[in-house]
Structure formats: C-alpha cells, structure tokens
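Structure file data27.csv with CSV, C-alpha atoms:
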```csv
chain,number,residue,atom,x,y,z
A,29,MET,CA,-8.9,0.6,17.0
A,30,ILE,CA,-7.8,-2.7,18.8
A,31,SER,CA,-4.9,-1.6,21.0
A,32,GLU,CA,-3.5,-5.0,21.9
A,33,TYR,CA,-4.3,-8.0,19.8
A,34,ARG,CA,-2.9,-11.4,20.7
A,35,ASN,CA,-3.0,-14.6,18.7
A,36,ILE,CA,-0.8,-17.6,18.9
A,37,GLY,CA,-1.5,-20.4,16.4
A,38,GLU,CA,-1.5,-24.2,16.9
A,39,ASN,CA,1.6,-26.2,17.7
A,40,CYS,CA,3.7,-23.2,18.6
A,41,LYS,CA,6.7,-23.3,21.0
A,42,ILE,CA,7.3,-20.2,23.0
A,43,GLY,CA,10.5,-19.9,25.0
A,44,GLU,CA,11.1,-18.2,28.4
A,45,ASN,CA,11.1,-14.4,28.9
A,46,VAL,CA,9.3,-13.6,25.7
A,47,ASN,CA,8.0,-10.1,25.8
A,48,PHE,CA,4.8,-9.3,23.8
A,49,LEU,CA,4.1,-5.6,23.1
A,50,GLY,CA,1.4,-4.1,20.9
A,51,ASN,CA,-0.4,-6.3,18.5
A,52,VAL,CA,1.2,-9.8,18.0
A,53,ASP,CA,-0.1,-12.5,15.7
A,54,ILE,CA,1.8,-15.8,15.4
A,55,GLY,CA,0.8,-18.5,12.9
A,56,ASP,CA,0.8,-22.2,13.3
A,57,ASN,CA,4.0,-24.3,14.0
A,58,CYS,CA,6.2,-21.4,14.9
A,59,LYS,CA,9.1,-21.4,17.3
A,60,ILE,CA,10.0,-18.4,19.4
A,61,GLY,CA,13.2,-18.7,21.4
A,62,ASN,CA,14.2,-17.3,24.8
A,63,ASN,CA,14.5,-13.6,25.7
A,64,VAL,CA,12.8,-12.5,22.5
A,65,CYS,CA,10.9,-9.2,22.2
A,66,LEU,CA,7.9,-9.2,19.8
A,67,ASN,CA,6.4,-5.7,19.2
A,68,SER,CA,3.6,-5.1,16.7
A,69,VAL,CA,4.4,-8.1,14.5
A,70,HIS,CA,2.6,-10.6,12.3
A,71,ILE,CA,4.5,-13.9,11.9
A,72,ASP,CA,3.2,-16.4,9.4
A,73,HIS,CA,3.2,-20.2,9.7
A,74,ASN,CA,6.3,-22.3,10.2
A,75,SER,CA,8.7,-19.5,11.0
A,76,VAL,CA,11.4,-19.5,13.7
A,77,ILE,CA,12.8,-16.6,15.8
A,78,GLN,CA,15.8,-17.6,17.8
A,79,ASP,CA,17.1,-16.4,21.2
A,80,ASN,CA,17.8,-12.8,22.1
A,81,SER,CA,16.2,-11.1,19.1
A,82,ILE,CA,14.2,-7.9,19.1
A,83,ILE,CA,11.5,-7.9,16.5
A,84,GLY,CA,9.9,-4.5,16.6
A,85,TYR,CA,12.6,-2.1,17.8
A,86,ASP,CA,10.7,1.2,18.4
A,87,THR,CA,13.3,3.7,19.5
A,88,ILE,CA,12.7,6.0,16.6
A,89,THR,CA,13.7,9.7,16.4
A,90,GLY,CA,13.8,12.5,14.0
A,91,HIS,CA,12.1,12.6,10.6
A,92,TYR,CA,11.1,8.9,10.8
A,93,TYR,CA,9.2,9.6,14.0
A,94,GLU,CA,7.2,12.4,12.3
A,95,GLN,CA,6.3,10.1,9.4
A,96,GLU,CA,5.1,7.5,12.0
A,97,LYS,CA,2.8,10.0,13.6
A,98,MET,CA,1.3,10.9,10.2
A,99,LYS,CA,0.7,7.2,9.4
A,100,LYS,CA,-1.1,6.6,12.7
A,101,SER,CA,-3.4,9.6,12.2
A,102,LYS,CA,-4.5,8.3,8.8
A,103,ASN,CA,-5.2,4.7,10.0
A,104,SER,CA,-8.8,4.4,11.0
A,105,SER,CA,-9.2,0.7,10.5
A,106,ASP,CA,-10.7,-1.5,13.2
A,107,GLU,CA,-8.4,-4.4,12.2
A,108,PRO,CA,-5.2,-4.9,14.2
A,109,GLN,CA,-2.3,-3.2,12.7
A,110,PHE,CA,1.3,-4.5,12.6
A,111,HIS,CA,4.6,-2.7,12.1
A,112,ILE,CA,6.4,-5.8,11.0
A,113,ILE,CA,5.2,-8.6,8.6
A,114,ILE,CA,7.2,-11.8,8.5
A,115,GLY,CA,6.2,-14.5,6.0
A,116,LYS,CA,6.1,-18.2,6.0
A,117,ASN,CA,9.1,-20.5,6.7
A,118,VAL,CA,11.3,-17.6,7.8
A,119,LEU,CA,14.3,-18.2,10.0
A,120,ILE,CA,15.6,-15.4,12.1
A,121,ARG,CA,18.8,-16.3,13.9
A,122,SER,CA,19.8,-15.3,17.4
A,123,GLY,CA,20.6,-11.6,18.2
A,124,VAL,CA,18.8,-10.1,15.3
A,125,VAL,CA,17.3,-6.6,15.7
A,126,ILE,CA,14.5,-5.5,13.3
A,127,TYR,CA,13.0,-2.0,13.5
A,128,PHE,CA,9.5,-0.9,12.7
A,129,ASP,CA,7.9,-1.0,9.2
A,130,VAL,CA,9.8,-4.0,7.8
A,131,ASN,CA,8.4,-6.7,5.5
A,132,ILE,CA,10.2,-10.0,5.2
A,133,GLY,CA,8.9,-12.4,2.5
A,134,ASN,CA,8.5,-16.2,2.6
A,135,ASN,CA,11.5,-18.5,3.0
A,136,CYS,CA,14.0,-15.8,4.0
A,137,TRP,CA,16.9,-16.3,6.4
A,138,ILE,CA,18.1,-13.4,8.6
A,139,ASN,CA,21.3,-14.6,10.2
A,140,HIS,CA,23.0,-13.9,13.6
A,141,ASN,CA,23.2,-10.3,14.8
A,142,ALA,CA,21.9,-8.7,11.6
A,143,ILE,CA,20.3,-5.3,12.0
A,144,ILE,CA,17.4,-4.3,9.8
A,145,ARG,CA,16.4,-0.7,10.1
A,146,GLU,CA,13.0,1.1,9.3
A,147,ASN,CA,11.1,0.8,6.1
A,148,VAL,CA,12.9,-2.2,4.5
A,149,ASN,CA,11.4,-4.7,2.2
A,150,ILE,CA,13.0,-8.1,1.8
A,151,SER,CA,11.3,-10.3,-0.8
A,152,GLU,CA,11.0,-14.1,-0.9
A,153,ASN,CA,13.8,-16.6,-0.8
A,154,SER,CA,16.5,-14.1,0.2
A,155,THR,CA,19.3,-14.5,2.8
A,156,ILE,CA,20.9,-11.8,4.9
A,157,GLY,CA,24.3,-12.7,6.4
A,158,SER,CA,25.5,-12.5,10.0
A,159,ASN,CA,26.5,-9.0,11.3
A,160,THR,CA,25.1,-7.3,8.2
A,161,ILE,CA,23.5,-3.9,8.7
A,162,CYS,CA,20.6,-2.8,6.5
A,163,GLU,CA,19.8,0.9,6.9
A,164,ASN,CA,16.4,2.5,6.3
A,165,ASN,CA,14.5,2.8,3.1
A,166,VAL,CA,16.0,-0.3,1.4
A,167,SER,CA,14.5,-2.7,-1.1
A,168,ILE,CA,15.9,-6.2,-1.6
A,169,GLY,CA,14.4,-8.5,-4.3
A,170,ASP,CA,13.8,-12.2,-4.6
A,171,LYS,CA,16.5,-14.9,-4.4
A,172,CYS,CA,19.2,-12.6,-3.2
A,173,VAL,CA,22.2,-13.8,-1.2
A,174,ILE,CA,23.9,-11.1,0.9
A,175,HIS,CA,26.9,-12.4,2.9
A,176,ASN,CA,28.2,-11.6,6.3
A,177,ASN,CA,29.5,-8.2,7.5
A,178,THR,CA,27.9,-6.2,4.6
A,179,MET,CA,26.9,-2.5,5.1
A,180,ILE,CA,23.8,-1.6,3.1
A,181,CYS,CA,23.2,2.2,3.3
A,182,ALA,CA,19.8,3.9,3.3
A,183,GLU,CA,18.1,4.4,-0.1
A,184,THR,CA,19.8,1.3,-1.7
A,185,LEU,CA,17.8,-0.7,-4.3
A,186,ILE,CA,18.8,-4.3,-4.8
A,187,GLU,CA,16.8,-6.1,-7.5
A,188,SER,CA,16.3,-9.9,-7.6
A,189,CYS,CA,18.9,-12.7,-8.0
A,190,GLU,CA,21.8,-10.7,-6.7
A,191,PHE,CA,25.0,-12.2,-5.1
A,192,ILE,CA,26.8,-9.9,-2.6
A,193,GLY,CA,29.9,-11.2,-1.1
A,194,PRO,CA,31.2,-10.7,2.5
A,195,GLY,CA,32.3,-7.3,3.7
A,196,VAL,CA,30.8,-5.3,0.8
A,197,SER,CA,30.1,-1.6,1.6
A,198,PHE,CA,27.4,0.5,0.0
A,199,THR,CA,27.8,4.2,0.5
A,200,ASN,CA,25.2,7.0,0.0
A,201,ASN,CA,26.5,10.4,1.2
A,202,SER,CA,28.1,12.5,-1.4
A,203,PRO,CA,29.8,14.9,-0.8
A,204,ILE,CA,30.4,14.2,2.8
A,205,GLY,CA,28.8,17.0,4.7
A,206,HIS,CA,29.5,16.1,8.3
A,207,LEU,CA,30.7,19.3,10.2
A,208,ARG,CA,31.4,20.9,6.8
A,209,ASP,CA,29.8,23.8,5.0
A,210,VAL,CA,28.9,21.5,2.1
A,211,PRO,CA,25.4,20.4,1.2
A,212,SER,CA,25.4,16.6,1.1
A,213,THR,CA,22.9,14.5,-0.8
A,214,ILE,CA,21.8,11.0,0.1
A,215,ARG,CA,21.9,8.8,-3.0
A,216,GLY,CA,21.8,5.1,-2.7
A,217,ALA,CA,23.1,2.6,-5.2
A,218,LYS,CA,21.0,0.6,-7.6
A,219,LEU,CA,21.8,-3.0,-8.5
A,220,ARG,CA,19.9,-4.3,-11.5
A,221,PHE,CA,18.8,-7.9,-11.9
A,222,GLY,CA,21.4,-10.6,-11.4
A,223,CYS,CA,24.5,-8.7,-10.4
A,224,ALA,CA,27.4,-10.4,-8.5
A,225,ILE,CA,29.5,-8.3,-6.1
A,226,GLY,CA,32.8,-9.8,-4.9
A,227,GLY,CA,33.8,-9.6,-1.2
A,228,GLY,CA,35.2,-6.4,0.1
A,229,ALA,CA,34.0,-4.2,-2.8
A,230,THR,CA,32.9,-0.6,-2.2
A,231,ILE,CA,30.0,0.9,-4.1
A,232,CYS,CA,30.0,4.7,-4.2
A,233,PRO,CA,26.8,6.9,-3.8
A,234,GLY,CA,24.2,6.9,-6.6
A,235,ILE,CA,26.0,4.2,-8.6
A,236,GLU,CA,23.9,2.0,-10.9
A,237,ILE,CA,25.2,-1.4,-11.8
A,238,GLY,CA,23.7,-3.0,-14.9
A,239,GLN,CA,22.0,-6.4,-15.2
A,240,GLU,CA,24.2,-9.4,-14.5
A,241,SER,CA,27.4,-7.4,-14.3
A,242,ILE,CA,30.2,-8.7,-12.0
A,243,ILE,CA,32.2,-6.6,-9.6
A,244,ALA,CA,35.6,-8.2,-8.6
A,245,ALA,CA,36.5,-8.6,-5.0
A,246,GLY,CA,38.0,-5.4,-3.5
A,247,ALA,CA,36.9,-3.2,-6.3
A,248,VAL,CA,35.9,0.5,-5.7
A,249,VAL,CA,33.0,1.4,-8.0
A,250,THR,CA,33.0,5.1,-8.7
A,251,LYS,CA,30.8,5.3,-11.8
A,252,ASP,CA,27.8,3.6,-13.4
A,253,ILE,CA,28.5,0.1,-14.7
A,254,PRO,CA,26.8,-1.1,-18.0
A,255,SER,CA,25.1,-4.5,-18.1
A,256,ARG,CA,27.0,-7.8,-18.4
A,257,ILE,CA,30.6,-6.6,-18.0
A,258,ILE,CA,33.2,-7.5,-15.4
A,259,VAL,CA,35.1,-4.7,-13.6
A,260,ALA,CA,38.0,-4.7,-11.2
A,261,GLY,CA,40.4,-2.3,-9.4
A,262,ASN,CA,40.3,1.1,-7.8
A,263,PRO,CA,38.7,2.8,-9.5
A,264,ALA,CA,36.9,-0.1,-11.1
A,265,LYS,CA,37.4,-0.5,-14.8
A,266,LYS,CA,36.1,-3.0,-17.4
A,267,ILE,CA,38.4,-6.0,-17.9
A,268,LYS,CA,36.1,-8.1,-20.1
A,269,ASP,CA,32.5,-9.0,-21.0
A,270,VAL,CA,30.5,-11.6,-18.9
A,271,GLU,CA,30.6,-14.9,-20.7
A,272,ASN,CA,27.4,-16.6,-21.7
A,273,GLU,CA,27.8,-19.5,-19.2
A,274,SER,CA,27.8,-16.8,-16.4
A,275,PHE,CA,24.4,-15.4,-17.3
A,276,ILE,CA,21.5,-16.1,-14.9
A,277,LYS,CA,19.8,-19.4,-15.9
A,278,GLU,CA,17.2,-19.0,-18.6
A,279,ASP,CA,14.4,-20.5,-16.5
A,280,ILE,CA,15.1,-18.0,-13.7
A,281,CYS,CA,15.1,-15.1,-16.2
A,282,LYS,CA,11.7,-16.2,-17.5
A,283,GLU,CA,10.2,-15.9,-14.0
A,284,TYR,CA,11.0,-12.1,-14.3
A,285,ASP,CA,9.9,-11.7,-17.9
A,286,LEU,CA,13.5,-11.5,-18.9
A,287,SER,CA,15.7,-13.4,-21.4
A,288,GLN,CA,19.4,-14.3,-21.5
A,289,LYS,CA,19.4,-12.4,-24.8
A,290,GLN,CA,17.5,-9.4,-23.5
A,291,ILE,CA,20.2,-6.7,-23.1
```
Show this structure as structure tokens.
Amino acid sequence: MISEYRNIGENCKIGENVNFLGNVDIGDNCKIGNNVCLNSVHIDHNSVIQDNSIIGYDTITGHYYEQEKMKKSKNSSDEPQFHIIIGKNVLIRSGVVIYFDVNIGNNCWINHNAIIRENVNISENSTIGSNTICENNVSIGDKCVIHNNTMICAETLIESCEFIGPGVSFTNNSPIGHLRDVPSTIRGAKLRFGCAIGGGATICPGIEIGQESIIAAGAVVTKDIPSRIIVAGNPAKKIKDVENESFIKEDICKEYDLSQKQI
C-alpha cells in the first residue's frame, strides 16, 4: 500500500497554506486557492477549488467509522486509494466542506459554504447551491439544479434533470424518535426524472415524486405524487396536469432512453 502519494499536474496554480494529507492527485490546469485542505482526493483536469475549503473532512464517528474500517481491511491494492473523486471542469467555491467517500462528476459546480457529507454521488453537469447541506448516502443525477439553502437528508434519491428551488427541505425521520419511546425509521425521498420543486417546499419522509411532476412553492408533500401532475398547498394536492410544453425536452429524454410520451 502506498501511504502518501503526491502528484500535481502541469500548469497548476497552488495557493498559500494548502494542506496535503494522505494521497493527493491533481490533474493538469487546476487551481487550488488559499487555506485549502486536500485529504485523500483525486482531482481531474481543469478543476478549481477556491479559498478556505476542506476537501476530505475525516472527522467520522459511529456506524460510518465502522464501515470505513471494514473497507480498509478489504483493500489490498498497491495503487493509491482516494476517498474523494472530483471530475474534470469542476468548480468548488469558497468555504465548501466535503466529507470522505464522495464522487463529483464532470462539469459540476458546488457553491459557497455547501456541506457534502459521506457517501454522496453527484453526477455530471449538476449544480449545488450556496449553504446547501447534503447529508450522507445521497445520490444526485445528471443535469440537476439544486438552489441555495436546501436541506437534503440522508438516504435521498434525486434522479436526473431535476430542478429544486431555494430553501427546500427533505425530511427522512418518521416517526420522530428523539428522546421518545418510539422506533423511528430513516426513509429518504425519491425524486424521479425531471421533477421541479418550488422554493420553500417540504418533502416528508419516504415520499416518491413521479416523473416530471411539479411541486408548487411552499407546498408540504405528505404522500406519493404520480407522474406529470402539479400539486400545491399543505398538505399538497393536485391542482392540474402538467401541460405538454412543460415536459422535459424530447432530445434530453432520449439521452435517458425516455420519451415525452412514456408515462
């Protein structure tokens, strides 16, 4: 096992007070700002990490720490191992904190002061807004736009081509068991392809929102939502069907082996 692998590609710019921990691999034409911590990370070409970011936060406790020990014991490869994989042309703004075991695809933007917890996968061409918190065990698909101040709870599944407005809250603990003699169950929401969630909406635990449905701003979603309808209110109720012109574009659907008529 190689304990500390270091590689910095060509034409890179490295700021002041950059801390390298564990294995670090930086591709060509990357920019690393001032006061950045890089811990067990692979960064592909043309990516930017701005000032005061922590990429590889390793203060991990509880069940996740036990998982981590098991993974290390199974890893016998002589190749350098990385806890974080960052793709090409990624922009990570100032103040971002990313925990271990995170994959960020090509052309993603992670904006100011976002927090990305353990075991999160963010696919290509997606954007995470400023001050957004993404808890552990979350999957985010391609071409997603997640706006500022959003709370994404653990175990949430967000498929591709989603729009999530500012201040949306995903919940996952039902019933609430804190200091109560009630067994709680963690159940994250599931957003199927092409949903749009208006600002300030709340998505309750275990909810599934069907393909290309639209959730109005401020709605509280307490039950599953079928595909291609618009809901509003508290609790959210159907107000009408999604009109054809509001469907995801046909050429985008074809990229995912879908069709505008496939519902």
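One finds CA of Ala229 in chain A at 15.8 Å from CA of Ile267 in chain A.
Using only C-alpha atoms, the smallest distance between any of A:Ile243, A:Val124, A:Ile132, A:Val166 and Ser81 in chain A comes from A:Val124.
Nearest-residue note for Gln78 in chain A: choosing from A:Gly123, A:Pro263, A:Gly50, A:Pro108, the minimum distance belongs to A:Gly123, counting only C-alpha atoms.
Residues with any atom within 9 Å of Asn45 in chain A, counting all atoms listed in the file and excluding same-chain neighbours fewer than 4 positions away, are Gly61, Asn62, Asn63, Val64 and Cys65 of chain A.
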Write a file of the selected residues as a compact mmCIF listing (two decimals), in the coordinates of the input, keeping C-alpha atoms.
```txt
# COMPACT_ATOMS: atom_id res chain seq x y z
CA GLY A 61 13.20 -18.70 21.40
CA ASN A 62 14.20 -17.30 24.80
CA ASN A 63 14.50 -13.60 25.70
CA VAL A 64 12.80 -12.50 22.50
CA CYS A 65 10.90 -9.20 22.20
```
At a cut-off of 8 Å from (21.2, 2.5, -2.1) in the coordinates of the file, what residues are picked up using only C-alpha atoms, written as JSON, numbers by chain?
{"A": [166, 180, 181, 182, 183, 184, 185, 186, 198, 199, 200, 215, 216, 217, 218, 233, 234]}
d(CA of Asn177 in chain A, CA of Pro194 in chain A) in Å:
5.8 Å
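Note that the spacing between CA of Glu273 in chain A and CA of Ile150 in chain A amounts to 28.1 Å.
The environment of Met179 in chain A within 10 Å, counting all atoms listed in the file and disregarding residues fewer than 3 places along the same chain, consists of Ile143, Asn159, Thr160, Ile161, Cys162, Glu163, Asn176, Ala182, Pro194, Gly195, Val196, Ser197, Phe198, Thr199 and Thr230 of chain A.
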Can you pull out every residue within 9 Å of Ile60 in chain A, counting all atoms listed in the file, but drop anything in the same chain fewer than 4 positions away, and send it as a PyMOL selection string?
chain A and resi 40-43+46+64+75-79
Expected file contents, prior selection, C-alpha atoms, as an mmCIF file, in the frame of the given file:
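Heads up, here's the output in again-v9.cif:
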```cif
data_model
loop_
_atom_site.group_PDB
_atom_site.id
_atom_site.type_symbol
_atom_site.label_atom_id
_atom_site.label_comp_id
_atom_site.auth_asym_id
_atom_site.auth_seq_id
_atom_site.Cartn_x
_atom_site.Cartn_y
_atom_site.Cartn_z
ATOM 1 C CA CYS A 40 3.700 -23.200 18.600
ATOM 2 C CA LYS A 41 6.700 -23.300 21.000
ATOM 3 C CA ILE A 42 7.300 -20.200 23.000
ATOM 4 C CA GLY A 43 10.500 -19.900 25.000
ATOM 5 C CA VAL A 46 9.300 -13.600 25.700
ATOM 6 C CA VAL A 64 12.800 -12.500 22.500
ATOM 7 C CA SER A 75 8.700 -19.500 11.000
ATOM 8 C CA VAL A 76 11.400 -19.500 13.700
ATOM 9 C CA ILE A 77 12.800 -16.600 15.800
ATOM 10 C CA GLN A 78 15.800 -17.600 17.800
ATOM 11 C CA ASP A 79 17.100 -16.400 21.200
#
```
Expected axis-aligned box over every listed atom of range 112-128 of chain A, 6 Å added per side, centre plus edges in Å to one decimal, as JSON:
```
{"center_x": 12.9, "center_y": -10.7, "center_z": 12.1, "size_x": 27.4, "size_y": 31.6, "size_z": 24.2}
```
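Near Glu38 in chain A, within 9 Å and counting all atoms listed in the file, sit A:Gly55, A:Asp56, A:Asn57, A:Cys58, not including residues fewer than 5 positions from it in the same chain.
With only C-alpha atoms as the atoms that count, the residue of A:Asn47, A:Asn117, A:Asn131, A:Asn141 with the shortest distance to Asn74 in chain A is A:Asn117.
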Which polymer residues have any atom within 12 Å of an atom of Glu32 in chain A, counting all atoms listed in the file, with same-chain residues fewer than 4 positions away left out, as a ChimeraX atom specification?
/A:48-53,67-69,106-110
Among the residues A:Ile204, A:Ile126, A:Lys59, A:Ile114, the one that comes closest to Gly84 in chain A [using all atoms listed in the file]
A:Ile126
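Closest to Glu44 in chain A among A:Asn80, A:Gly133, A:Ile168, A:Asp269 is A:Asn80, based on only C-alpha atoms.
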Give me the residues of range 260-287 of chain A that have any atom at most 12 Å from an atom of range 245-255 of chain A; for each, the nearest atom pair and the distance in Å, rounded to one decimal. Use only C-alpha atoms, sort by chain and number, and format it as a tab-separated table.
```
residue	atom	partner	partner_atom	distance
A:Ala260	CA	A:Ala247	CA	5.2
A:Gly261	CA	A:Ala247	CA	4.8
A:Asn262	CA	A:Val248	CA	4.9
A:Pro263	CA	A:Val248	CA	5.3
A:Ala264	CA	A:Val249	CA	5.2
A:Lys265	CA	A:Val249	CA	8.3
A:Lys266	CA	A:Ile253	CA	8.6
A:Lys268	CA	A:Ser255	CA	11.7
A:Asp269	CA	A:Ser255	CA	9.1
A:Val270	CA	A:Ser255	CA	9.0
A:Phe275	CA	A:Ser255	CA	11.0
```
